[in-house]
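Structure file target-v1.cif (mmCIF, C-alpha atoms and all ligand atoms) is printed below.
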data_coords
loop_
_atom_site.group_PDB
_atom_site.id
_atom_site.type_symbol
_atom_site.label_atom_id
_atom_site.label_comp_id
_atom_site.auth_asym_id
_atom_site.auth_seq_id
_atom_site.Cartn_x
_atom_site.Cartn_y
_atom_site.Cartn_z
ATOM 1 C CA MET A 1 42.090 62.925 -14.428
ATOM 2 C CA SER A 2 38.471 62.296 -13.517
ATOM 3 C CA ARG A 3 38.207 59.775 -10.737
ATOM 4 C CA ALA A 4 35.065 57.855 -9.955
ATOM 5 C CA ASP A 5 32.383 59.925 -8.224
ATOM 6 C CA PRO A 6 32.384 58.855 -4.558
ATOM 7 C CA LEU A 7 28.695 59.724 -4.274
ATOM 8 C CA VAL A 8 26.641 59.119 -7.404
ATOM 9 C CA ILE A 9 23.171 60.530 -6.808
ATOM 10 C CA ARG A 10 20.643 58.019 -8.064
ATOM 11 C CA ARG A 11 17.652 58.970 -5.959
ATOM 12 C CA LEU A 12 16.800 61.995 -3.889
ATOM 13 C CA GLU A 13 13.646 62.386 -1.863
ATOM 14 C CA TYR A 14 12.454 65.083 0.535
ATOM 15 C CA LEU A 15 11.242 63.420 3.713
ATOM 16 C CA GLY A 16 9.813 66.460 5.477
ATOM 17 C CA PRO A 17 10.509 69.071 8.151
ATOM 18 C CA MET A 18 10.964 68.988 11.906
ATOM 19 C CA SER A 19 9.806 72.289 13.347
ATOM 20 C CA ALA A 20 9.871 71.877 17.122
ATOM 21 C CA PRO A 21 11.935 70.021 19.696
ATOM 22 C CA ARG A 22 10.255 66.629 20.160
ATOM 23 C CA GLY A 23 8.064 67.496 17.158
ATOM 24 C CA TRP A 24 7.451 65.298 14.113
ATOM 25 C CA ARG A 25 10.482 63.940 12.338
ATOM 26 C CA PRO A 26 10.857 61.128 9.793
ATOM 27 C CA GLU A 27 11.466 57.645 11.157
ATOM 28 C CA PRO A 28 15.209 57.398 11.842
ATOM 29 C CA LYS A 29 15.623 54.451 9.446
ATOM 30 C CA LEU A 30 18.714 55.767 7.681
ATOM 31 C CA PRO A 31 22.028 56.945 9.119
ATOM 32 C CA GLU A 32 21.913 60.735 9.343
ATOM 33 C CA VAL A 33 24.476 63.400 8.478
ATOM 34 C CA ALA A 34 23.556 66.918 9.587
ATOM 35 C CA PHE A 35 24.712 70.185 8.011
ATOM 36 C CA SER A 36 25.276 73.092 10.335
ATOM 37 C CA GLY A 37 26.320 76.700 9.882
ATOM 38 C CA ARG A 38 25.306 80.294 10.338
ATOM 39 C CA SER A 39 22.909 81.886 7.880
ATOM 40 C CA ASN A 40 24.503 82.887 4.601
ATOM 41 C CA VAL A 41 27.563 80.674 5.082
ATOM 42 C CA GLY A 42 26.655 78.874 1.856
ATOM 43 C CA LYS A 43 24.893 75.815 3.253
ATOM 44 C CA SER A 44 22.138 75.569 0.646
ATOM 45 C CA SER A 45 24.685 76.080 -2.120
ATOM 46 C CA LEU A 46 26.957 73.398 -0.695
ATOM 47 C CA ILE A 47 24.107 70.905 -0.363
ATOM 48 C CA ASN A 48 22.963 71.574 -3.931
ATOM 49 C CA LYS A 49 26.488 70.994 -5.182
ATOM 50 C CA LEU A 50 26.846 67.855 -3.103
ATOM 51 C CA VAL A 51 23.671 66.281 -4.494
ATOM 52 C CA ARG A 52 24.228 67.809 -7.940
ATOM 53 C CA ARG A 53 20.859 69.504 -8.104
ATOM 54 C CA LYS A 54 20.389 73.151 -8.877
ATOM 55 C CA GLY A 55 17.964 74.719 -6.425
ATOM 56 C CA TRP A 56 17.319 71.547 -4.464
ATOM 57 C CA ALA A 57 17.988 73.048 -1.057
ATOM 58 C CA ARG A 58 16.626 76.566 -1.446
ATOM 59 C CA VAL A 59 19.331 79.180 -1.901
ATOM 60 C CA SER A 60 17.721 81.959 0.016
ATOM 61 C CA ASN A 61 18.106 85.679 -0.466
ATOM 62 C CA THR A 62 16.553 86.270 2.937
ATOM 63 C CA PRO A 63 18.844 84.386 5.289
ATOM 64 C CA GLY A 64 17.479 83.420 8.684
ATOM 65 C CA ARG A 65 14.003 82.619 7.363
ATOM 66 C CA THR A 66 14.409 78.875 7.419
ATOM 67 C CA ARG A 67 13.761 77.663 10.917
ATOM 68 C CA GLU A 68 12.960 74.038 10.343
ATOM 69 C CA ILE A 69 15.147 70.980 10.085
ATOM 70 C CA HIS A 70 14.763 69.435 6.624
ATOM 71 C CA PHE A 71 15.389 65.749 5.941
ATOM 72 C CA PHE A 72 16.368 64.284 2.554
ATOM 73 C CA ASP A 73 16.781 60.628 1.639
ATOM 74 C CA VAL A 74 19.890 60.216 -0.526
ATOM 75 C CA ASN A 75 19.921 56.986 -2.571
ATOM 76 C CA GLY A 76 18.128 55.225 0.280
ATOM 77 C CA THR A 77 21.589 55.105 1.894
ATOM 78 C CA PHE A 78 21.621 58.038 4.258
ATOM 79 C CA ALA A 79 19.543 60.993 5.347
ATOM 80 C CA LEU A 80 20.929 64.438 4.691
ATOM 81 C CA VAL A 81 19.726 66.705 7.495
ATOM 82 C CA ASP A 82 19.661 70.430 6.735
ATOM 83 C CA LEU A 83 19.717 72.310 10.048
ATOM 84 C CA PRO A 84 18.409 75.888 10.251
ATOM 85 C CA GLY A 85 21.051 78.551 9.750
ATOM 86 C CA TYR A 86 21.796 80.278 13.027
ATOM 87 C CA GLY A 87 23.001 83.631 14.209
ATOM 88 C CA TYR A 88 21.811 85.976 11.518
ATOM 89 C CA ALA A 89 22.404 89.495 12.831
ATOM 90 C CA ARG A 90 19.257 91.055 11.402
ATOM 91 C CA ILE A 91 16.784 88.950 13.351
ATOM 92 C CA SER A 92 15.898 89.734 16.942
ATOM 93 C CA LYS A 93 17.660 88.206 19.931
ATOM 94 C CA GLU A 94 14.540 86.231 20.785
ATOM 95 C CA ARG A 95 14.369 84.772 17.310
ATOM 96 C CA LYS A 96 18.077 84.072 17.334
ATOM 97 C CA ALA A 97 17.754 81.884 20.413
ATOM 98 C CA GLU A 98 15.056 79.713 18.781
ATOM 99 C CA TRP A 99 17.553 77.634 16.882
ATOM 100 C CA ARG A 100 19.254 76.378 19.976
ATOM 101 C CA PRO A 101 16.654 74.002 21.485
ATOM 102 C CA LEU A 102 15.619 72.646 18.088
ATOM 103 C CA ILE A 103 19.115 72.061 16.734
ATOM 104 C CA GLU A 104 20.685 70.938 19.980
ATOM 105 C CA GLY A 105 17.673 68.768 20.834
ATOM 106 C CA PHE A 106 17.901 67.027 17.476
ATOM 107 C CA LEU A 107 21.664 66.500 17.692
ATOM 108 C CA ARG A 108 21.432 65.260 21.252
ATOM 109 C CA THR A 109 18.608 62.776 20.709
ATOM 110 C CA SER A 110 18.600 61.459 17.145
ATOM 111 C CA PRO A 111 19.476 57.761 17.383
ATOM 112 C CA ALA A 112 20.537 57.736 13.718
ATOM 113 C CA LEU A 113 22.972 60.651 13.713
ATOM 114 C CA ARG A 114 26.425 59.630 12.468
ATOM 115 C CA GLY A 115 28.084 62.990 12.210
ATOM 116 C CA VAL A 116 27.900 66.662 11.390
ATOM 117 C CA VAL A 117 29.301 68.793 8.592
ATOM 118 C CA GLN A 118 30.050 72.194 10.123
ATOM 119 C CA LEU A 119 30.355 75.016 7.593
ATOM 120 C CA LEU A 120 32.609 78.011 8.139
ATOM 121 C CA ASP A 121 33.098 80.899 5.712
ATOM 122 C CA VAL A 122 36.782 80.806 4.792
ATOM 123 C CA ARG A 123 36.950 84.606 4.737
ATOM 124 C CA ARG A 124 35.570 85.179 8.223
ATOM 125 C CA ASP A 125 36.603 84.381 11.735
ATOM 126 C CA PRO A 126 34.256 81.917 13.428
ATOM 127 C CA THR A 127 31.454 83.714 15.291
ATOM 128 C CA GLU A 128 30.535 83.140 18.926
ATOM 129 C CA ASP A 129 27.671 80.953 17.639
ATOM 130 C CA ASP A 130 30.079 78.911 15.511
ATOM 131 C CA LEU A 131 32.360 78.324 18.475
ATOM 132 C CA GLN A 132 29.423 77.393 20.708
ATOM 133 C CA MET A 133 28.202 74.917 18.113
ATOM 134 C CA LEU A 134 31.652 73.359 17.815
ATOM 135 C CA ASP A 135 31.919 73.146 21.614
ATOM 136 C CA PHE A 136 28.524 71.488 21.719
ATOM 137 C CA LEU A 137 29.532 68.959 19.060
ATOM 138 C CA GLY A 138 32.758 68.311 20.958
ATOM 139 C CA GLU A 139 30.857 67.631 24.173
ATOM 140 C CA LEU A 140 28.472 65.360 22.323
ATOM 141 C CA GLY A 141 31.414 63.533 20.798
ATOM 142 C CA ALA A 142 29.785 63.651 17.366
ATOM 143 C CA PRO A 143 32.175 63.078 14.440
ATOM 144 C CA THR A 144 32.507 66.488 12.789
ATOM 145 C CA LEU A 145 33.750 67.510 9.353
ATOM 146 C CA ILE A 146 34.614 71.153 8.750
ATOM 147 C CA ALA A 147 33.869 72.612 5.340
ATOM 148 C CA ALA A 148 35.450 75.999 4.600
ATOM 149 C CA THR A 149 33.008 77.602 2.166
ATOM 150 C CA LYS A 150 33.423 80.152 -0.644
ATOM 151 C CA ILE A 151 37.076 79.248 -1.185
ATOM 152 C CA ASP A 152 36.804 80.623 -4.750
ATOM 153 C CA LYS A 153 36.563 84.140 -3.317
ATOM 154 C CA LEU A 154 40.219 84.057 -2.293
ATOM 155 C CA ARG A 155 43.435 83.712 -4.218
ATOM 156 C CA LYS A 156 45.478 80.572 -3.596
ATOM 157 C CA ALA A 157 47.989 82.063 -1.132
ATOM 158 C CA GLU A 158 45.271 83.969 0.712
ATOM 159 C CA ALA A 159 43.143 80.839 0.889
ATOM 160 C CA ALA A 160 45.998 78.791 2.357
ATOM 161 C CA ALA A 161 46.616 81.409 5.060
ATOM 162 C CA ARG A 162 42.912 81.677 5.900
ATOM 163 C CA LEU A 163 42.552 77.879 6.129
ATOM 164 C CA ARG A 164 45.409 77.798 8.630
ATOM 165 C CA ALA A 165 43.862 80.634 10.653
ATOM 166 C CA LEU A 166 40.481 78.928 10.628
ATOM 167 C CA ALA A 167 41.925 75.616 11.806
ATOM 168 C CA ASP A 168 43.764 77.463 14.593
ATOM 169 C CA ALA A 169 40.654 79.379 15.635
ATOM 170 C CA VAL A 170 38.630 76.203 16.093
ATOM 171 C CA GLY A 171 41.522 74.156 17.447
ATOM 172 C CA ILE A 172 41.660 71.407 14.842
ATOM 173 C CA ASP A 173 44.233 70.119 12.402
ATOM 174 C CA GLU A 174 44.249 71.869 9.045
ATOM 175 C CA ALA A 175 44.002 68.486 7.343
ATOM 176 C CA GLN A 176 40.494 68.118 8.798
ATOM 177 C CA VAL A 177 39.250 71.233 7.016
ATOM 178 C CA ILE A 178 37.779 70.652 3.565
ATOM 179 C CA PRO A 179 38.089 73.715 1.306
ATOM 180 C CA PHE A 180 34.839 74.043 -0.636
ATOM 181 C CA SER A 181 33.401 76.125 -3.447
ATOM 182 C CA ALA A 182 29.856 75.861 -4.715
ATOM 183 C CA VAL A 183 30.976 77.919 -7.719
ATOM 184 C CA THR A 184 33.905 75.813 -8.951
ATOM 185 C CA GLY A 185 32.928 72.523 -7.316
ATOM 186 C CA GLU A 186 36.249 72.359 -5.472
ATOM 187 C CA GLY A 187 35.968 70.055 -2.478
ATOM 188 C CA ARG A 188 32.724 68.429 -3.611
ATOM 189 C CA ASP A 189 34.176 64.965 -4.128
ATOM 190 C CA GLU A 190 36.364 65.162 -1.043
ATOM 191 C CA LEU A 191 33.351 66.096 1.081
ATOM 192 C CA ALA A 192 31.220 63.424 -0.587
ATOM 193 C CA ALA A 193 33.846 60.757 0.115
ATOM 194 C CA ALA A 194 34.151 61.875 3.755
ATOM 195 C CA ILE A 195 30.370 61.684 4.176
ATOM 196 C CA VAL A 196 30.188 58.226 2.597
ATOM 197 C CA GLU A 197 32.874 57.109 5.036
ATOM 198 C CA LEU A 198 31.005 58.647 7.992
ATOM 199 C CA VAL A 199 27.819 56.835 7.024
ATOM 200 C CA ARG A 200 29.688 53.501 6.857
ATOM 201 C CA GLN A 201 30.915 53.846 10.437
ATOM 202 C CA PRO A 202 28.781 52.583 13.295
ATOM 203 C CA SER A 203 27.251 55.336 15.423
ATOM 204 C CA TRP A 204 29.568 56.712 18.067
ATOM 205 C CA ARG A 205 26.539 56.524 20.357
ATOM 206 C CA GLU A 206 26.235 52.748 20.086
ATOM 207 C CA GLU A 207 28.931 52.445 22.720
ATOM 208 C CA GLU A 208 26.342 53.557 25.251
ATOM 209 C CA PRO A 209 24.362 50.732 26.884
ATOM 210 C CA ASP A 210 21.173 49.841 25.057
ATOM 211 C CA PRO A 211 18.388 49.964 27.676
ATOM 212 C CA ALA A 212 16.074 47.718 25.615
ATOM 213 C CA SER A 213 18.456 44.767 25.763
ATOM 214 C CA ALA A 214 19.864 45.277 29.265
ATOM 215 C CA ASP A 215 18.324 42.508 31.390
ATOM 216 C CA ASP A 216 20.357 43.519 34.424
ATOM 217 C CA ALA A 217 18.973 47.038 34.247
ATOM 218 C CA SER A 218 15.350 45.827 34.359
ATOM 219 C CA ALA A 219 16.161 43.581 37.315
ATOM 220 C CA ASP A 220 17.564 46.624 39.090
ATOM 221 C CA ASP A 221 14.408 48.556 38.277
ATOM 222 C CA ALA A 222 12.289 45.800 39.781
ATOM 223 C CA SER A 223 14.199 45.806 43.044
ATOM 224 C CA ALA A 224 14.172 49.601 43.125
ATOM 225 C CA ASP A 225 10.342 49.487 43.037
ATOM 226 C CA GLY A 226 10.263 47.971 46.494
ATOM 227 C CA ALA A 227 12.885 50.332 47.856
ATOM 228 C CA GLY A 228 10.359 53.010 48.724
ATOM 229 C CA ASP A 229 12.123 56.012 47.261
ATOM 230 C CA GLY A 230 8.978 58.107 47.676
ATOM 231 C CA ARG A 231 7.831 58.178 44.009
HETATM 232 N N1 LIG A 301 31.455 82.875 -4.528
HETATM 233 C C1 LIG A 301 30.723 82.012 -3.845
HETATM 234 N N2 LIG A 301 29.514 82.366 -3.378
HETATM 235 C C2 LIG A 301 28.810 81.458 -2.674
HETATM 236 C C3 LIG A 301 29.281 80.144 -2.431
HETATM 237 N N3 LIG A 301 28.358 79.494 -1.713
HETATM 238 C C4 LIG A 301 27.349 80.350 -1.506
HETATM 239 N N4 LIG A 301 27.597 81.533 -2.089
HETATM 240 C C5 LIG A 301 26.722 82.725 -2.065
HETATM 241 O O1 LIG A 301 26.491 83.091 -0.704
HETATM 242 C C6 LIG A 301 25.136 83.477 -0.509
HETATM 243 C C7 LIG A 301 24.482 82.594 0.545
HETATM 244 O O2 LIG A 301 24.426 81.270 0.040
HETATM 245 P P1 LIG A 301 23.354 80.207 0.571
HETATM 246 O O3 LIG A 301 23.725 78.908 -0.030
HETATM 247 O O4 LIG A 301 21.953 80.689 0.394
HETATM 248 O O5 LIG A 301 23.705 80.232 2.126
HETATM 249 P P2 LIG A 301 22.887 79.619 3.373
HETATM 250 O O6 LIG A 301 22.112 80.759 3.972
HETATM 251 O O7 LIG A 301 23.946 79.153 4.302
HETATM 252 O O8 LIG A 301 22.019 78.512 2.861
HETATM 253 C C8 LIG A 301 24.464 83.389 -1.869
HETATM 254 O O9 LIG A 301 24.502 84.658 -2.472
HETATM 255 C C9 LIG A 301 25.352 82.403 -2.633
HETATM 256 O O10 LIG A 301 25.317 82.607 -4.018
HETATM 257 C C10 LIG A 301 30.566 79.795 -2.955
HETATM 258 O O11 LIG A 301 31.094 78.684 -2.790
HETATM 259 N N5 LIG A 301 31.241 80.761 -3.655
HETATM 260 MG MG MG A 302 20.016 78.257 3.046
#
Translate this structure into structure tokens?
Amino acid sequence: MSRADPLVIRRLEYLGPMSAPRGWRPEPKLPEVAFSGRSNVGKSSLINKLVRRKGWARVSNTPGRTREIHFFDVNGTFALVDLPGYGYARISKERKAEWRPLIEGFLRTSPALRGVVQLLDVRRDPTEDDLQMLDFLGELGAPTLIAATKIDKLRKAEAAARLRALADAVGIDEAQVIPFSAVTGEGRDELAAAIVELVRQPSWREEEPDPASADDASADDASADGAGDGR
């Protein structure tokens, strides 16, 4: 019954952290897939399962402590981007708001971003932060996969009902939700295959005009210089 692994991990390399909007980040040489979710949703566990490394992305007992964006080179094929977990109740309001400019700035500006894996705990209703993130991704137009985490915590019938409720709550088709368990490995290959597919697609952003190659645009700029717009 074992099918071929859609994502064999041959090489894994940590590329470094981004800690501020417009701060250092690795050269965007590889297509990027970002992982988003609130603290404690199971993001580190999911990433470890995905890349088949125990303890690769730190499974933290103090959620909310990781405030940087971490970049990993997977097989030299794509960059796995681990976004900071957001919305942990125990940290102050001020702290809570820190994630927004960093995460949203990255998602808005990275030229290499191909899509986002949004994690939702299958047992819980999406939080206000979850819904805001999904709205933001919708506005951006970024291809988004939904992973419903900790599916092993529910019995089959319960899980099916919760998956339906979750899909309803975020307004997407149930078929777009990938049930996932870091404990049993359920959903690992399905998620891996979806990511591989995402990485193969051209960026949804490439439909926008490329300013570097737009001759007409520079001609317009030149004529605008003489227009005396006061700058
Ligand atoms: N039963 C179960 N527990 C999980 C699963 N994924 C994560 N956890 C647990 O949930 C807690 C938070 O996981 P972690 O990966 O650190 O979440 P993060 O804060 O989103 O990175 C830890 O105690 C994990 O052991 C899962 O699929 N099944
Ligand atoms: Mg974590």
Q: Would you be able to write out as JSON, numbers by chain which residues have an atom within 6 Å of (34.8, 64.4, -6.5) in the file's coordinates, counting only C-alpha atoms?
A: {"A": [5, 188, 189, 190]}
Go ahead and save the picked residues with C-alpha atoms, as a short mmCIF file (atom, residue, chain, number, x, y, z; two decimals), in the coordinates of the input.
data_model
loop_
_atom_site.label_atom_id
_atom_site.label_comp_id
_atom_site.auth_asym_id
_atom_site.auth_seq_id
_atom_site.Cartn_x
_atom_site.Cartn_y
_atom_site.Cartn_z
CA ASP A 5 32.38 59.92 -8.22
CA ARG A 188 32.72 68.43 -3.61
CA ASP A 189 34.18 64.96 -4.13
CA GLU A 190 36.36 65.16 -1.04
#
Q. Any idea what's packed within 7 Å of A:Phe180, counting all atoms listed in the file, ignoring anything in its chain fewer than 6 positions away? Could you give it as an MDAnalysis selection string?
A. chainID A and resid 147:151 186:188
Q. Could you spell out the hits of the PyMOL selection byres (((chain A and resi 143) around 6) and not hetatm) on the shown file, as a ChimeraX atom specification?
A. /A:115,142,144
Since we have the selection now, will you write its residues out, keeping C-alpha atoms, as a PDB file, in the coordinates of the input?
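Contents of result_36.pdb, freshly written:
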ATOM      1  CA  GLY A 115      28.084  62.990  12.210  1.00  0.00           C
ATOM      2  CA  ALA A 142      29.785  63.651  17.366  1.00  0.00           C
ATOM      3  CA  THR A 144      32.507  66.488  12.789  1.00  0.00           C
TER       4      THR A 144
END
Where is the centre and how long are the edges: axis-aligned box on stretch 143-162 of chain A, 6 Å on each side, Å to one decimal, as JSON:
{"center_x": 40.1, "center_y": 73.6, "center_z": 4.8, "size_x": 27.8, "size_y": 33.1, "size_z": 31.2}
Q) Taking the file as shown, what set of residues would the PyMOL selection byres (((not hetatm)) within 6 of (chain A and resi 301)) give back, as an MDAnalysis selection string? A) chainID A and resid 39:45 59:60 63 149:150 152:153 181:183
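The interatomic distance for the pair atom CA of A:Ala167 and atom CA of A:Asp130 works out to 12.8 Å.
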(Q) When you count all atoms listed in the file, which of these residues is closest to A:Asn75: A:Leu12, A:Leu113, A:Leu50, A:Leu191? (A)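 Selected residue with least distance to A:Asn75: A:Leu12.
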Find the spatial neighbours of A:Leu137, counting only C-alpha atoms, within a cut-off of 10 Å - ignore same-chain residues fewer than 3 positions away - and output them as an mmCIF file with C-alpha atoms, keeping the file's coordinate frame.
data_model
loop_
_atom_site.group_PDB
_atom_site.id
_atom_site.type_symbol
_atom_site.label_atom_id
_atom_site.label_comp_id
_atom_site.auth_asym_id
_atom_site.auth_seq_id
_atom_site.Cartn_x
_atom_site.Cartn_y
_atom_site.Cartn_z
ATOM 1 C CA GLU A 104 20.685 70.938 19.980
ATOM 2 C CA LEU A 107 21.664 66.500 17.692
ATOM 3 C CA ARG A 108 21.432 65.260 21.252
ATOM 4 C CA GLY A 115 28.084 62.990 12.210
ATOM 5 C CA VAL A 116 27.900 66.662 11.390
ATOM 6 C CA GLN A 118 30.050 72.194 10.123
ATOM 7 C CA LEU A 131 32.360 78.324 18.475
ATOM 8 C CA GLN A 132 29.423 77.393 20.708
ATOM 9 C CA MET A 133 28.202 74.917 18.113
ATOM 10 C CA LEU A 134 31.652 73.359 17.815
ATOM 11 C CA LEU A 140 28.472 65.360 22.323
ATOM 12 C CA GLY A 141 31.414 63.533 20.798
ATOM 13 C CA ALA A 142 29.785 63.651 17.366
ATOM 14 C CA PRO A 143 32.175 63.078 14.440
ATOM 15 C CA THR A 144 32.507 66.488 12.789
#
Q: Starting from the shown file, work through the PyMOL selection byres (((chain A and resi 4) around 12) and not hetatm) and note down what comes out as JSON, numbers by chain.
A: {"A": [1, 2, 3, 5, 6, 7, 8, 189, 190, 192, 193]}
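Interatomic distance, atom CA of A:Gly37 against atom CA of A:Trp99: 11.3 Å.
For the choices A:Ala79, A:Glu13, A:Pro84, A:Asp73, the atom-to-atom distance to ligand MG 302 (chain A) is smallest for A:Pro84 when using all atoms listed in the file.
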Q. What is the distance, in Å and to one decimal place, between atom CA of A:Pro31 and atom CA of A:Leu198?
A.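 Distance between the two atoms: 9.2 Å.
With all atoms listed in the file as the atoms that count, the minimum distance from ligand MG 302 (chain A) to the choices A:Arg123, A:His70, A:Lys29, A:Arg52 is reached by A:His70.
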(Q) Counting only C-alpha atoms, which residues sit no farther than 7 Å from the position (23.1, 57.9, 4.7) in the file's frame? I'd like them as a list in words. (A)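 Looking at atoms near the point gives Leu30, Pro31, Glu32, Val33, Val74, Thr77, Phe78, Ala79, Leu80 and Val199 of chain A.
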Q | Residue nearest A:Ile103 among A:Arg11, A:Arg162, A:Arg67, A:Lys54 (counting only C-alpha atoms) | A | A:Arg67
Q) Which residue out of A:Gly55, A:Gly76, A:Pro126, A:Gly138 has the minimum interatomic distance to ligand MG 302 (chain A) when only C-alpha atoms and all ligand atoms are used? A)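 Looking only at the distances to ligand MG 302 (chain A), the closest residue turns out to be A:Gly55.
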